[in-house]
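Below is model-v4.txt, holding compact mmCIF, C-alpha atoms and all ligand atoms.
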# COMPACT_ATOMS: atom_id res chain seq x y z
CA MET P 1445 -19.96 -24.31 -23.82
CA SER P 1446 -19.84 -20.83 -22.41
CA TRP P 1447 -20.80 -20.15 -18.82
CA THR P 1448 -20.85 -16.76 -17.16
CA PRO P 1449 -20.08 -16.75 -13.44
CA THR P 1450 -22.23 -14.63 -11.13
CA ARG P 1451 -21.73 -13.14 -7.68
CA ASP P 1452 -23.64 -16.10 -6.21
CA ASP P 1453 -20.81 -18.35 -7.35
CA PHE P 1454 -18.58 -16.50 -4.91
CA ASP P 1455 -20.70 -17.71 -2.02
CA GLN P 1456 -20.85 -21.19 -3.46
CA TYR P 1457 -17.20 -21.77 -4.37
CA MET P 1458 -14.95 -19.31 -2.57
CA VAL P 1459 -13.61 -19.36 0.97
CA PRO P 1460 -15.77 -16.69 2.63
CA ASN P 1461 -12.95 -14.46 3.86
CA TYR P 1462 -14.17 -11.55 1.72
CA SER P 1463 -17.53 -9.99 1.11
CA PRO P 1464 -17.27 -8.49 -2.38
CA GLN P 1465 -19.77 -6.07 -3.89
CA ARG P 1466 -22.48 -7.46 -6.17
CA VAL P 1467 -21.06 -6.14 -9.45
CA ILE P 1468 -18.27 -8.03 -11.22
CA PRO P 1469 -15.95 -5.80 -13.26
CA VAL P 1470 -14.78 -7.51 -16.43
CA ARG P 1471 -12.63 -4.90 -18.17
CA GLY P 1472 -10.90 -1.63 -17.50
CA GLU P 1473 -9.15 1.19 -19.29
CA GLY P 1474 -7.45 4.06 -17.52
CA SER P 1475 -9.69 5.01 -14.59
CA ARG P 1476 -12.84 3.45 -16.04
CA LEU P 1477 -14.19 -0.05 -15.45
CA TRP P 1478 -17.06 -1.98 -17.03
CA ASP P 1479 -19.12 -4.71 -15.39
CA GLN P 1480 -20.73 -7.84 -16.87
CA ASP P 1481 -23.67 -5.76 -18.14
CA ASP P 1482 -21.30 -3.26 -19.75
CA ARG P 1483 -22.18 -0.61 -17.17
CA GLU P 1484 -19.41 1.95 -16.78
CA TYR P 1485 -17.79 3.02 -13.51
CA ILE P 1486 -15.21 5.60 -12.53
CA ASP P 1487 -12.46 3.96 -10.50
CA PHE P 1488 -11.38 5.87 -7.37
CA ALA P 1489 -10.13 2.64 -5.74
CA GLY P 1490 -7.30 1.76 -8.10
CA GLY P 1491 -7.35 -1.87 -6.96
CA ILE P 1492 -6.53 -0.62 -3.42
CA ALA P 1493 -3.66 1.66 -4.42
CA VAL P 1494 -2.28 -0.95 -6.83
CA ASN P 1495 -3.27 0.28 -10.29
CA GLY P 1496 -1.07 3.36 -10.04
CA LEU P 1497 -1.05 3.75 -13.80
CA GLY P 1498 -4.68 2.79 -14.35
CA HIS P 1499 -6.08 -0.25 -16.11
CA ALA P 1500 -4.60 -1.61 -19.34
CA ASN P 1501 -1.84 0.97 -19.35
CA PRO P 1502 -0.14 0.66 -22.78
CA VAL P 1503 3.39 1.02 -21.36
CA LEU P 1504 2.87 -1.76 -18.81
CA LEU P 1505 1.03 -3.91 -21.34
CA SER P 1506 3.85 -3.76 -23.83
CA ALA P 1507 6.45 -4.53 -21.13
CA LEU P 1508 4.36 -7.56 -20.11
CA LYS P 1509 3.80 -8.80 -23.64
CA GLU P 1510 7.42 -8.35 -24.63
CA GLN P 1511 8.64 -10.35 -21.63
CA ALA P 1512 5.86 -12.94 -22.02
CA ASP P 1513 7.33 -13.94 -25.37
CA LYS P 1514 10.81 -14.45 -23.87
CA VAL P 1515 10.79 -16.22 -20.50
CA TRP P 1516 8.26 -16.29 -17.63
CA HIS P 1517 10.08 -17.92 -14.80
CA LEU P 1518 13.54 -19.17 -13.95
CA SER P 1519 13.74 -19.64 -10.15
CA ASN P 1520 16.52 -18.20 -8.03
CA VAL P 1521 18.98 -20.79 -9.29
CA TYR P 1522 19.50 -18.26 -12.11
CA THR P 1523 19.23 -14.51 -12.13
CA ASN P 1524 17.52 -12.67 -14.98
CA GLU P 1525 17.74 -9.41 -16.87
CA PRO P 1526 14.46 -7.79 -15.79
CA ALA P 1527 15.25 -8.38 -12.08
CA LEU P 1528 18.73 -6.90 -12.45
CA LYS P 1529 17.42 -3.88 -14.35
CA LEU P 1530 14.69 -3.31 -11.76
CA ALA P 1531 17.15 -3.58 -8.86
CA LYS P 1532 19.56 -1.12 -10.49
CA THR P 1533 16.77 1.34 -11.24
CA LEU P 1534 15.40 1.21 -7.68
CA VAL P 1535 18.91 1.65 -6.25
CA GLU P 1536 19.57 4.62 -8.51
CA HIS P 1537 16.33 6.32 -7.47
CA THR P 1538 16.49 5.72 -3.71
CA PHE P 1539 18.75 5.59 -0.64
CA ALA P 1540 19.09 1.85 -1.14
CA GLU P 1541 22.10 -0.12 -2.31
CA LYS P 1542 20.45 -3.56 -2.49
CA ALA P 1543 17.06 -4.94 -3.43
CA PHE P 1544 15.24 -8.17 -2.57
CA PHE P 1545 12.18 -9.18 -4.57
CA CYS P 1546 9.13 -11.20 -3.61
CA SER P 1547 5.47 -11.28 -4.66
CA SER P 1548 3.49 -9.15 -2.19
CA GLY P 1549 3.64 -6.47 0.46
CA GLY P 1550 3.19 -8.90 3.30
CA GLU P 1551 6.13 -10.90 2.01
CA ALA P 1552 8.26 -7.77 1.65
CA ASN P 1553 7.55 -6.89 5.29
CA GLU P 1554 8.14 -10.47 6.39
CA ALA P 1555 11.58 -10.21 4.76
CA ALA P 1556 12.21 -6.82 6.38
CA LEU P 1557 11.24 -8.07 9.85
CA LYS P 1558 13.41 -11.16 9.51
CA LEU P 1559 16.25 -8.98 8.23
CA VAL P 1560 16.18 -6.54 11.16
CA ARG P 1561 16.06 -9.40 13.68
CA ARG P 1562 18.91 -11.16 11.93
CA TYR P 1563 20.98 -7.99 11.72
CA ALA P 1564 20.61 -7.33 15.45
CA PHE P 1565 21.32 -11.00 16.22
CA GLU P 1566 24.58 -10.98 14.28
CA LYS P 1567 25.81 -7.51 15.25
CA PHE P 1568 24.65 -7.27 18.85
CA GLY P 1569 23.55 -10.71 20.05
CA GLU P 1570 20.26 -12.46 20.67
CA GLN P 1571 19.03 -10.18 23.45
CA LYS P 1572 18.43 -7.37 20.93
CA ASP P 1573 15.15 -8.55 19.45
CA LYS P 1574 12.42 -6.04 20.27
CA ILE P 1575 10.36 -4.62 17.41
CA ILE P 1576 8.27 -1.50 17.95
CA SER P 1577 5.33 -0.82 15.67
CA PHE P 1578 2.17 1.28 15.94
CA ARG P 1579 -1.48 0.85 16.79
CA GLN P 1580 -3.74 0.88 13.74
CA SER P 1581 -0.79 -0.01 11.51
CA PHE P 1582 -1.11 -2.63 8.79
CA HIS P 1583 1.83 -4.62 7.48
CA GLY P 1584 0.31 -7.67 5.78
CA ARG P 1585 -1.41 -10.96 6.58
CA THR P 1586 1.39 -13.40 7.28
CA PHE P 1587 1.45 -14.39 10.93
CA PHE P 1588 4.56 -12.31 11.70
CA THR P 1589 3.16 -9.26 9.90
CA VAL P 1590 -0.28 -9.41 11.53
CA SER P 1591 1.45 -9.73 14.89
CA VAL P 1592 3.54 -6.65 14.19
CA GLY P 1593 0.51 -4.87 12.75
CA GLY P 1594 -1.45 -2.77 15.20
CA GLN P 1595 -4.94 -4.20 14.68
CA PRO P 1596 -5.46 -7.12 17.10
CA LYS P 1597 -8.55 -8.32 15.20
CA TYR P 1598 -6.17 -9.62 12.50
CA SER P 1599 -3.86 -11.57 14.82
CA GLU P 1600 -6.23 -12.97 17.44
CA GLY P 1601 -7.43 -16.55 17.36
CA PHE P 1602 -4.49 -18.11 15.57
CA GLY P 1603 -2.51 -19.37 18.53
CA PRO P 1604 0.55 -17.91 20.23
CA VAL P 1605 1.87 -14.77 18.54
CA PRO P 1606 5.60 -14.20 18.03
CA GLY P 1607 7.17 -12.38 20.99
CA ALA P 1608 9.18 -9.18 21.51
CA ILE P 1609 6.73 -7.00 19.58
CA GLU P 1610 5.36 -3.84 21.19
CA HIS P 1611 2.91 -1.22 19.95
CA ALA P 1612 3.19 2.52 20.48
CA GLN P 1613 0.81 5.29 19.54
CA TYR P 1614 1.19 6.71 16.00
CA ASN P 1615 2.40 10.31 15.84
CA ASP P 1616 3.23 10.18 19.56
CA LEU P 1617 6.95 10.13 20.38
CA GLU P 1618 6.35 9.96 24.12
CA SER P 1619 4.68 6.59 23.70
CA VAL P 1620 7.77 5.45 21.78
CA ASP P 1621 10.06 6.70 24.55
CA ALA P 1622 8.10 4.60 27.01
CA LEU P 1623 8.99 1.43 25.04
CA ILE P 1624 12.33 1.96 23.31
CA ASP P 1625 15.61 0.81 24.88
CA ASP P 1626 18.84 -0.89 23.82
CA ARG P 1627 16.95 -4.17 23.39
CA THR P 1628 15.02 -2.58 20.50
CA CYS P 1629 16.22 -3.87 17.14
CA ALA P 1630 13.83 -1.96 14.91
CA ILE P 1631 10.89 0.37 14.53
CA ILE P 1632 8.53 -0.27 11.62
CA VAL P 1633 6.17 2.45 10.50
CA GLU P 1634 4.00 3.50 7.56
CA PRO P 1635 4.83 7.13 6.65
CA VAL P 1636 1.12 7.38 5.86
CA GLN P 1637 -1.05 4.81 7.64
CA GLY P 1638 -3.28 3.40 4.91
CA GLU P 1639 -5.63 0.65 6.11
CA GLY P 1640 -5.68 2.20 9.58
CA GLY P 1641 -7.57 5.26 8.34
CA VAL P 1642 -5.31 7.27 5.98
CA THR P 1643 -3.26 9.14 8.59
CA PRO P 1644 -0.03 10.85 7.53
CA ALA P 1645 2.87 10.94 9.96
CA THR P 1646 3.89 14.38 11.13
CA PRO P 1647 7.42 15.33 10.02
CA GLU P 1648 8.51 15.64 13.68
CA PHE P 1649 7.31 12.10 14.32
CA LEU P 1650 9.41 10.50 11.57
CA GLU P 1651 12.40 12.72 12.45
CA GLY P 1652 12.01 11.70 16.08
CA LEU P 1653 11.89 8.00 15.17
CA ARG P 1654 15.07 8.38 13.11
CA GLU P 1655 16.84 10.08 15.99
CA ARG P 1656 15.71 7.46 18.52
CA CYS P 1657 16.71 4.55 16.27
CA ASP P 1658 20.17 6.06 15.86
CA ARG P 1659 20.48 6.56 19.61
CA HIS P 1660 19.57 2.95 20.37
CA GLN P 1661 21.29 1.34 17.37
CA ALA P 1662 17.95 0.16 16.06
CA LEU P 1663 16.94 0.03 12.40
CA LEU P 1664 14.15 2.17 10.98
CA VAL P 1665 11.84 0.37 8.56
CA PHE P 1666 9.41 2.32 6.39
CA ASP P 1667 6.50 0.29 5.07
CA GLU P 1668 5.74 2.11 1.84
CA VAL P 1669 3.67 -0.69 0.36
CA GLN P 1670 0.67 1.65 0.09
CA CYS P 1671 2.08 5.18 0.32
CA GLY P 1672 5.10 4.61 -1.95
CA MET P 1673 5.49 4.49 -5.74
CA GLY P 1674 4.36 8.03 -6.44
CA ARG P 1675 1.22 7.99 -4.35
CA SER P 1676 2.39 10.74 -1.97
CA GLY P 1677 3.53 12.95 -4.84
CA GLU P 1678 7.14 11.80 -4.40
CA LEU P 1679 8.50 8.53 -5.75
CA PHE P 1680 8.62 7.32 -2.14
CA ALA P 1681 7.01 9.17 0.75
CA TYR P 1682 10.26 9.29 2.78
CA MET P 1683 11.65 11.69 0.17
CA GLY P 1684 8.99 14.25 0.96
CA TYR P 1685 9.72 13.97 4.68
CA GLY P 1686 13.48 14.10 4.22
CA VAL P 1687 13.86 11.18 6.65
CA THR P 1688 15.78 8.20 5.32
CA PRO P 1689 14.97 4.70 6.58
CA ASP P 1690 17.38 1.76 6.82
CA VAL P 1691 14.93 -0.60 5.18
CA LEU P 1692 12.00 0.22 2.89
CA THR P 1693 9.30 -2.09 1.63
CA SER P 1694 7.28 -1.62 -1.54
CA ALA P 1695 4.56 -3.57 -3.36
CA LYS P 1696 1.04 -2.59 -4.52
CA ALA P 1697 1.70 0.06 -7.24
CA LEU P 1698 5.20 -1.31 -7.80
CA GLY P 1699 3.73 -3.83 -10.23
CA GLY P 1700 0.76 -1.71 -11.31
CA GLY P 1701 -1.44 -4.80 -10.94
CA PHE P 1702 1.14 -7.52 -11.50
CA PRO P 1703 2.05 -9.14 -8.16
CA ILE P 1704 5.47 -8.05 -6.92
CA GLY P 1705 7.01 -6.83 -3.68
CA ALA P 1706 10.43 -5.40 -2.91
CA MET P 1707 12.58 -4.78 0.12
CA LEU P 1708 15.27 -2.13 -0.23
CA THR P 1709 18.19 -1.63 2.12
CA THR P 1710 21.89 -0.86 2.43
CA THR P 1711 24.82 -3.12 1.61
CA ASP P 1712 25.81 -3.42 5.27
CA ILE P 1713 22.36 -4.48 6.45
CA ALA P 1714 21.76 -6.73 3.44
CA SER P 1715 24.96 -8.63 4.21
CA VAL P 1716 23.30 -10.64 6.98
CA PHE P 1717 21.12 -12.37 4.39
CA GLN P 1718 23.39 -15.00 2.89
CA PRO P 1719 22.46 -17.84 0.51
CA GLY P 1720 19.89 -19.91 2.37
CA THR P 1721 18.90 -17.30 4.97
CA HIS P 1722 15.74 -16.24 3.18
CA GLY P 1723 14.04 -16.75 -0.17
CA SER P 1724 10.92 -16.90 -2.32
CA THR P 1725 10.15 -19.09 -5.33
CA TYR P 1726 8.60 -16.27 -7.33
CA GLY P 1727 10.88 -13.52 -6.02
CA GLY P 1728 12.48 -11.74 -8.95
CA ASN P 1729 10.14 -13.39 -11.44
CA PRO P 1730 11.03 -11.95 -14.89
CA LEU P 1731 7.43 -11.12 -15.87
CA ALA P 1732 6.80 -9.26 -12.62
CA CYS P 1733 10.13 -7.43 -12.77
CA ALA P 1734 9.66 -6.39 -16.41
CA VAL P 1735 6.29 -4.81 -15.58
CA ALA P 1736 7.61 -3.20 -12.39
CA LEU P 1737 10.58 -1.73 -14.26
CA ALA P 1738 8.20 -0.03 -16.68
CA ALA P 1739 6.10 1.19 -13.72
CA VAL P 1740 9.08 2.63 -11.82
CA GLU P 1741 10.49 4.36 -14.91
CA THR P 1742 7.09 5.88 -15.65
CA ILE P 1743 6.28 6.98 -12.11
CA ALA P 1744 9.74 8.41 -11.35
CA ASP P 1745 9.12 11.07 -14.00
CA PRO P 1746 8.97 14.44 -12.19
CA SER P 1747 6.08 15.65 -14.35
CA LEU P 1748 4.00 12.62 -13.37
CA LEU P 1749 4.77 13.31 -9.70
CA ASP P 1750 3.82 16.99 -10.10
CA GLY P 1751 0.58 15.76 -11.63
CA VAL P 1752 -0.16 13.79 -8.46
CA LYS P 1753 0.10 16.97 -6.40
CA ALA P 1754 -2.22 18.81 -8.80
CA ARG P 1755 -4.76 15.98 -8.62
CA HIS P 1756 -4.55 16.05 -4.83
CA ALA P 1757 -5.65 19.68 -4.90
CA ARG P 1758 -8.55 18.84 -7.22
CA PHE P 1759 -9.76 16.02 -4.95
CA GLN P 1760 -9.41 18.24 -1.90
CA GLN P 1761 -11.44 21.01 -3.52
CA HIS P 1762 -14.22 18.64 -4.59
CA LEU P 1763 -14.37 17.11 -1.11
CA GLU P 1764 -14.63 20.53 0.51
CA THR P 1765 -17.49 21.42 -1.83
CA LEU P 1766 -19.29 18.15 -1.06
CA ASN P 1767 -18.75 18.70 2.63
CA GLN P 1768 -20.42 22.10 2.49
CA LYS P 1769 -23.23 20.90 0.27
CA HIS P 1770 -24.05 17.89 2.46
CA GLY P 1771 -23.96 19.67 5.78
CA GLY P 1772 -20.51 18.87 7.15
CA ILE P 1773 -20.60 15.18 6.40
CA PHE P 1774 -16.80 14.92 6.75
CA SER P 1775 -15.22 15.78 10.07
CA GLU P 1776 -11.77 15.72 8.45
CA VAL P 1777 -10.17 15.30 5.03
CA ARG P 1778 -6.54 14.19 5.25
CA GLY P 1779 -3.79 12.35 3.38
CA LYS P 1780 -1.03 12.99 0.91
CA GLY P 1781 -1.00 13.08 -2.88
CA LEU P 1782 -3.51 10.54 -4.14
CA LEU P 1783 -4.01 8.72 -0.86
CA ILE P 1784 -6.81 10.71 0.70
CA GLY P 1785 -9.15 9.90 3.55
CA ALA P 1786 -12.44 11.61 4.36
CA GLU P 1787 -13.69 10.86 7.87
CA LEU P 1788 -17.46 10.45 7.93
CA SER P 1789 -19.42 12.18 10.64
CA GLY P 1790 -23.03 12.91 11.61
CA HIS P 1791 -25.59 10.42 10.31
CA LEU P 1792 -22.94 8.71 8.14
CA GLU P 1793 -20.49 8.01 10.97
CA GLY P 1794 -19.53 4.34 10.82
CA ARG P 1795 -21.41 3.88 7.52
CA GLY P 1796 -18.55 3.74 5.01
CA ARG P 1797 -19.83 0.47 3.54
CA ASP P 1798 -23.22 2.09 2.85
CA VAL P 1799 -21.53 4.94 0.98
CA LEU P 1800 -19.52 2.39 -1.01
CA ALA P 1801 -22.70 0.55 -2.06
CA ALA P 1802 -24.53 3.80 -2.91
CA ALA P 1803 -21.53 4.95 -4.96
CA ILE P 1804 -21.62 1.77 -7.04
CA ASP P 1805 -25.27 2.42 -7.84
CA GLU P 1806 -24.17 5.83 -9.10
CA GLY P 1807 -21.31 4.49 -11.23
CA LEU P 1808 -18.36 4.96 -8.89
CA MET P 1809 -16.02 2.40 -7.37
CA MET P 1810 -14.28 3.50 -4.21
CA LEU P 1811 -12.81 2.29 -0.92
CA VAL P 1812 -13.07 2.64 2.82
CA ALA P 1813 -10.33 2.46 5.46
CA GLY P 1814 -12.13 1.21 8.55
CA PRO P 1815 -15.84 1.76 9.18
CA SER P 1816 -15.84 5.53 8.99
CA VAL P 1817 -13.24 6.72 6.50
CA LEU P 1818 -13.79 7.02 2.75
CA ARG P 1819 -10.47 6.29 1.08
CA PHE P 1820 -9.43 7.62 -2.32
CA ALA P 1821 -6.53 5.80 -4.00
CA PRO P 1822 -7.10 6.28 -7.73
CA SER P 1823 -4.66 5.94 -10.59
CA LEU P 1824 -1.90 8.55 -10.41
CA ILE P 1825 -2.81 9.60 -13.95
CA ILE P 1826 -6.58 9.83 -13.54
CA THR P 1827 -7.85 12.66 -15.76
CA ASP P 1828 -9.60 15.82 -14.56
CA ASP P 1829 -12.77 14.68 -16.36
CA GLU P 1830 -12.69 11.34 -14.58
CA ILE P 1831 -12.20 13.05 -11.21
CA ASP P 1832 -15.09 15.43 -11.88
CA GLN P 1833 -17.37 12.64 -13.08
CA GLY P 1834 -16.52 10.44 -10.08
CA MET P 1835 -17.23 13.32 -7.71
CA GLU P 1836 -20.64 13.90 -9.34
CA SER P 1837 -21.40 10.23 -8.63
CA LEU P 1838 -20.25 10.62 -5.04
CA ASP P 1839 -22.43 13.71 -4.71
CA ARG P 1840 -25.49 11.71 -5.83
CA ALA P 1841 -24.52 8.79 -3.57
CA LEU P 1842 -24.30 11.09 -0.54
CA ALA P 1843 -27.62 12.68 -1.47
CA SER P 1844 -29.24 9.23 -1.66
CA LEU P 1845 -28.14 8.60 1.93
CA ALA P 1846 -29.42 11.93 3.26
CA GLU P 1847 -31.38 11.69 6.48
C1 LIG P 1901 -1.51 -3.71 1.51
C2 LIG P 1901 -0.44 -3.48 2.52
C3 LIG P 1901 0.41 -4.51 2.94
C4 LIG P 1901 0.21 -5.94 2.52
O1 LIG P 1901 0.44 -6.14 1.17
P1 LIG P 1901 -0.06 -7.50 0.48
O2 LIG P 1901 0.40 -7.37 -0.92
O3 LIG P 1901 -1.54 -7.56 0.63
O4 LIG P 1901 0.60 -8.62 1.19
C5 LIG P 1901 1.44 -4.20 3.81
N1 LIG P 1901 1.62 -2.94 4.25
C6 LIG P 1901 0.82 -1.93 3.88
C7 LIG P 1901 1.09 -0.56 4.38
C8 LIG P 1901 -0.25 -2.16 3.01
O5 LIG P 1901 -1.05 -1.16 2.66
Output the file's structure as structure tokens, nothing else.
Amino acid sequence: MSWTPTRDDFDQYMVPNYSPQRVIPVRGEGSRLWDQDDREYIDFAGGIAVNGLGHANPVLLSALKEQADKVWHLSNVYTNEPALKLAKTLVEHTFAEKAFFCSSGGEANEAALKLVRRYAFEKFGEQKDKIISFRQSFHGRTFFTVSVGGQPKYSEGFGPVPGAIEHAQYNDLESVDALIDDRTCAIIVEPVQGEGGVTPATPEFLEGLRERCDRHQALLVFDEVQCGMGRSGELFAYMGYGVTPDVLTSAKALGGGFPIGAMLTTTDIASVFQPGTHGSTYGGNPLACAVALAAVETIADPSLLDGVKARHARFQQHLETLNQKHGGIFSEVRGKGLLIGAELSGHLEGRGRDVLAAAIDEGLMMLVAGPSVLRFAPSLIITDDEIDQGMESLDRALASLAE
């Protein structure tokens, strides 16, 4: 008996913590998706910055299939070849000397936050526990990570939040100076704030955080779950800024759609995690690591990264044209590489969800970051034709919402 689920089944059977669009995509290839009625869409959302190499990428598919025939899971009682290869590759391509694997970005940040607390505890004593993060930041949905995140709507109503967490203003070093002292054990920051509205850090800001962390013997954590893995036009965004963190977290595009997260750090800092200190059943899962290895090797290619910068320019140009054509509908277009935000203004201010729905009607899947920012996070290898076609859809969607 065959039965085809519909969107109504979501309301009937799923916990209502999401409100998905009406269409249900069933298949994808590159930057195109098809729904249950075989209607085609251009994908500017990339699974929220996850499908860095598009849908059904042949390189990732063959890595997955090859590993699927060998072994899926072993637990951390044994290590495995894909995990070791992935760790070595990440170490060779970054500042890091050690890697820890888990299954999501929130988990990677949870590990990072526990690590910085533990490091301070062992090296300096229990009074050094303060974590500074930023308003509008997003670090995941575990209780520790929503508490550190700078959007109170995600942490309120769940009981007492963990202590010694303070929030400064993004891109504002003075607000950091007002909070930082020798009790500070770490600062955690997204080099480009994603969920909070696609806001890149200024170079002076990240340089200033590095300098202040050094002065107060605090660790600097870069959450590159969204802005890393090629999205900024560098393998990791810190490389473009020339500011090196002590701990870096990755996920999203790391697995290209297969769930995996990673925390990267130095040998010295990693040493405070000993057997039993922290763990994850699926961390280092061979299937996930095999796919991620293929993703890292593909994305680290300088020509792919140059392609991201070229695509950025194409998006930027299209958005400027649309802005002129539709009477200054964007008050600002910002971002790095293929993480771009267009702030809606005028009669569309606060109406990101309406644009999203209108875009779907015109054959385009896209994202928002907050109520008023259109967010573009497509595949890093989206073609010029796909960009142009998606922008024509967006043009029609904006026209359909004209006053
Ligand atoms: C998405 C995201 C996370 C959370 O990742 P999950 O895989 O959903 O747990 C953390 N930090 C940033 C910057 C993100 O964009």
Exercise for review: Please identify all polymer residues within 12 Å of Gly1684 of chain P, counting all atoms listed in the file, omitting same-chain residues fewer than 5 positions from it, and present them as a PyMOL selection string.
Suggested key: chain P and resi 1635-1636+1644-1647+1650+1671-1672+1674-1679+1749+1753+1780-1781
So that each row is one residue of chain P with an atom at most 8 Å from ligand LIG 1901 (chain P), can you give its shortest atom pair and the distance in Å to one decimal, using all atoms listed in the file, rows by chain and rising number, as a Markdown table?
| residue | atom | partner | partner_atom | distance |
| --- | --- | --- | --- | --- |
| P:Ile1492 | CA | P:LIG1901 | C1 | 7.7 |
| P:Ser1547 | CA | P:LIG1901 | O2 | 7.4 |
| P:Ser1548 | CA | P:LIG1901 | O2 | 3.8 |
| P:Gly1549 | CA | P:LIG1901 | O1 | 3.3 |
| P:Gly1550 | CA | P:LIG1901 | O4 | 3.4 |
| P:Glu1551 | CA | P:LIG1901 | O4 | 6.0 |
| P:Ala1552 | CA | P:LIG1901 | O4 | 7.7 |
| P:Asn1553 | CA | P:LIG1901 | C5 | 6.8 |
| P:Ser1581 | CA | P:LIG1901 | C7 | 7.4 |
| P:Phe1582 | CA | P:LIG1901 | N1 | 5.3 |
| P:His1583 | CA | P:LIG1901 | N1 | 3.6 |
| P:Gly1584 | CA | P:LIG1901 | C4 | 3.7 |
| P:Arg1585 | CA | P:LIG1901 | O4 | 6.2 |
| P:Thr1586 | CA | P:LIG1901 | O4 | 7.8 |
| P:Glu1634 | CA | P:LIG1901 | C7 | 5.9 |
| P:Gln1637 | CA | P:LIG1901 | C7 | 6.6 |
| P:Gly1638 | CA | P:LIG1901 | O5 | 5.6 |
| P:Glu1639 | CA | P:LIG1901 | O5 | 6.0 |
| P:Asp1667 | CA | P:LIG1901 | C7 | 5.5 |
| P:Glu1668 | CA | P:LIG1901 | C7 | 5.9 |
| P:Val1669 | CA | P:LIG1901 | C6 | 4.7 |
| P:Gln1670 | CA | P:LIG1901 | O5 | 4.2 |
| P:Cys1671 | CA | P:LIG1901 | C7 | 7.1 |
| P:Ala1695 | CA | P:LIG1901 | O2 | 6.1 |
| P:Lys1696 | CA | P:LIG1901 | O2 | 6.0 |
| P:Pro1703 | CA | P:LIG1901 | O2 | 7.6 |
| P:Ile1704 | CA | P:LIG1901 | O2 | 7.9 |
| P:Gly1705 | CA | P:LIG1901 | O2 | 7.2 |
Using only C-alpha atoms, what table do you get, as a tab-separated table, when you list each residue of segment 1496-1568 of chain P with an atom no more than 7 Å from segment 1810-1826 of chain P, its nearest pair of atoms, and their distance in Å rounded to one decimal, rows by chain then rising number?
residue	atom	partner	partner_atom	distance
P:Gly1496	CA	P:Ser1823	CA	4.5
P:Leu1497	CA	P:Ser1823	CA	5.3
P:Gly1498	CA	P:Ser1823	CA	4.9
Atoms to include: C-alpha atoms. Write the selected residues as a PDB file, in the frame of the given file.
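What landed in selection-v4.pdb:
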ATOM      1  CA  GLY P1496      -1.070   3.360 -10.040  1.00  0.00           C
ATOM      2  CA  LEU P1497      -1.050   3.750 -13.800  1.00  0.00           C
ATOM      3  CA  GLY P1498      -4.680   2.790 -14.350  1.00  0.00           C
TER       4      GLY P1498
END
Would you kindly return, as a ChimeraX atom specification, each protein, DNA or RNA residue with an atom no farther than 7 Å from any atom of segment 1623-1630 of chain P, considering only C-alpha atoms and excluding same-chain residues fewer than 2 positions away? /P:1560-1561,1564,1571-1576,1619-1621,1632,1660,1662-1664
I'd like the contact shell of Pro1449 of chain P - 12 Å cut-off, only C-alpha atoms, skipping same-chain residues fewer than 2 positions apart - returned as a PDB file with C-alpha atoms, in the coordinates of the input.
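Result went into selection-v5.pdb, see below:
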ATOM      1  CA  SER P1446     -19.840 -20.830 -22.410  1.00  0.00           C
ATOM      2  CA  TRP P1447     -20.800 -20.150 -18.820  1.00  0.00           C
ATOM      3  CA  ARG P1451     -21.730 -13.140  -7.680  1.00  0.00           C
ATOM      4  CA  ASP P1452     -23.640 -16.100  -6.210  1.00  0.00           C
ATOM      5  CA  ASP P1453     -20.810 -18.350  -7.350  1.00  0.00           C
ATOM      6  CA  PHE P1454     -18.580 -16.500  -4.910  1.00  0.00           C
ATOM      7  CA  ASP P1455     -20.700 -17.710  -2.020  1.00  0.00           C
ATOM      8  CA  GLN P1456     -20.850 -21.190  -3.460  1.00  0.00           C
ATOM      9  CA  TYR P1457     -17.200 -21.770  -4.370  1.00  0.00           C
ATOM     10  CA  VAL P1467     -21.060  -6.140  -9.450  1.00  0.00           C
ATOM     11  CA  ILE P1468     -18.270  -8.030 -11.220  1.00  0.00           C
ATOM     12  CA  PRO P1469     -15.950  -5.800 -13.260  1.00  0.00           C
ATOM     13  CA  VAL P1470     -14.780  -7.510 -16.430  1.00  0.00           C
ATOM     14  CA  GLN P1480     -20.730  -7.840 -16.870  1.00  0.00           C
TER      15      GLN P1480
END
| query | Restricting the calculation to only C-alpha atoms, which member of P:Asn1524, P:Thr1710, P:Gln1661, P:Thr1450 is positioned closest to Asp1479 of chain P? | reply |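 Answer, going by the shortest atom-to-atom distance: P:Thr1450.
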| To one decimal place, how far is atom CA of Gln1718 of chain P from atom CA of Ile1631 of chain P in Å? |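 Separation between atom CA of Gln1718 of chain P and atom CA of Ile1631 of chain P: 23.0 Å.
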| Which residues, written as a PyMOL selection string, have at least one atom at most 10 Å from segment 1769-1773 of chain P, with all atoms listed in the file counted and residues fewer than 2 positions away on the same chain left out? | chain P and resi 1763-1767+1775-1776+1786-1793+1839+1842-1843+1846
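Of the listed residues (P:Arg1654, P:Lys1597, P:His1762, P:Arg1795), P:Arg1654 comes nearest to Leu1617 of chain P; the distances count all atoms listed in the file.
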As a check of understanding: the span from atom CA of Asp1829 of chain P to atom CA of Gly1491 of chain P is 19.8 Å
Quick one, how far is atom CA of Asp1805 of chain P from atom CA of Ala1489 of chain P?
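A separation of 15.3 Å between them.
If you measure from each of P:Phe1488, P:Tyr1462, P:Phe1539, P:Phe1588 to Glu1830 of chain P using all atoms listed in the file, the closest one turns out to be P:Phe1488.
Counting all atoms listed in the file, the residue from P:Ala1744, P:Met1458, P:Leu1708, P:Leu1653 that sits nearest to Glu1618 of chain P is P:Leu1653.
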Please provide the set of residues having any atom within 10 Å of Thr1827 of chain P, restricted to all atoms listed in the file, with same-chain residues fewer than 5 positions apart removed, written as a ChimeraX atom specification.
/P:1474-1475,1751,1755,1832-1833
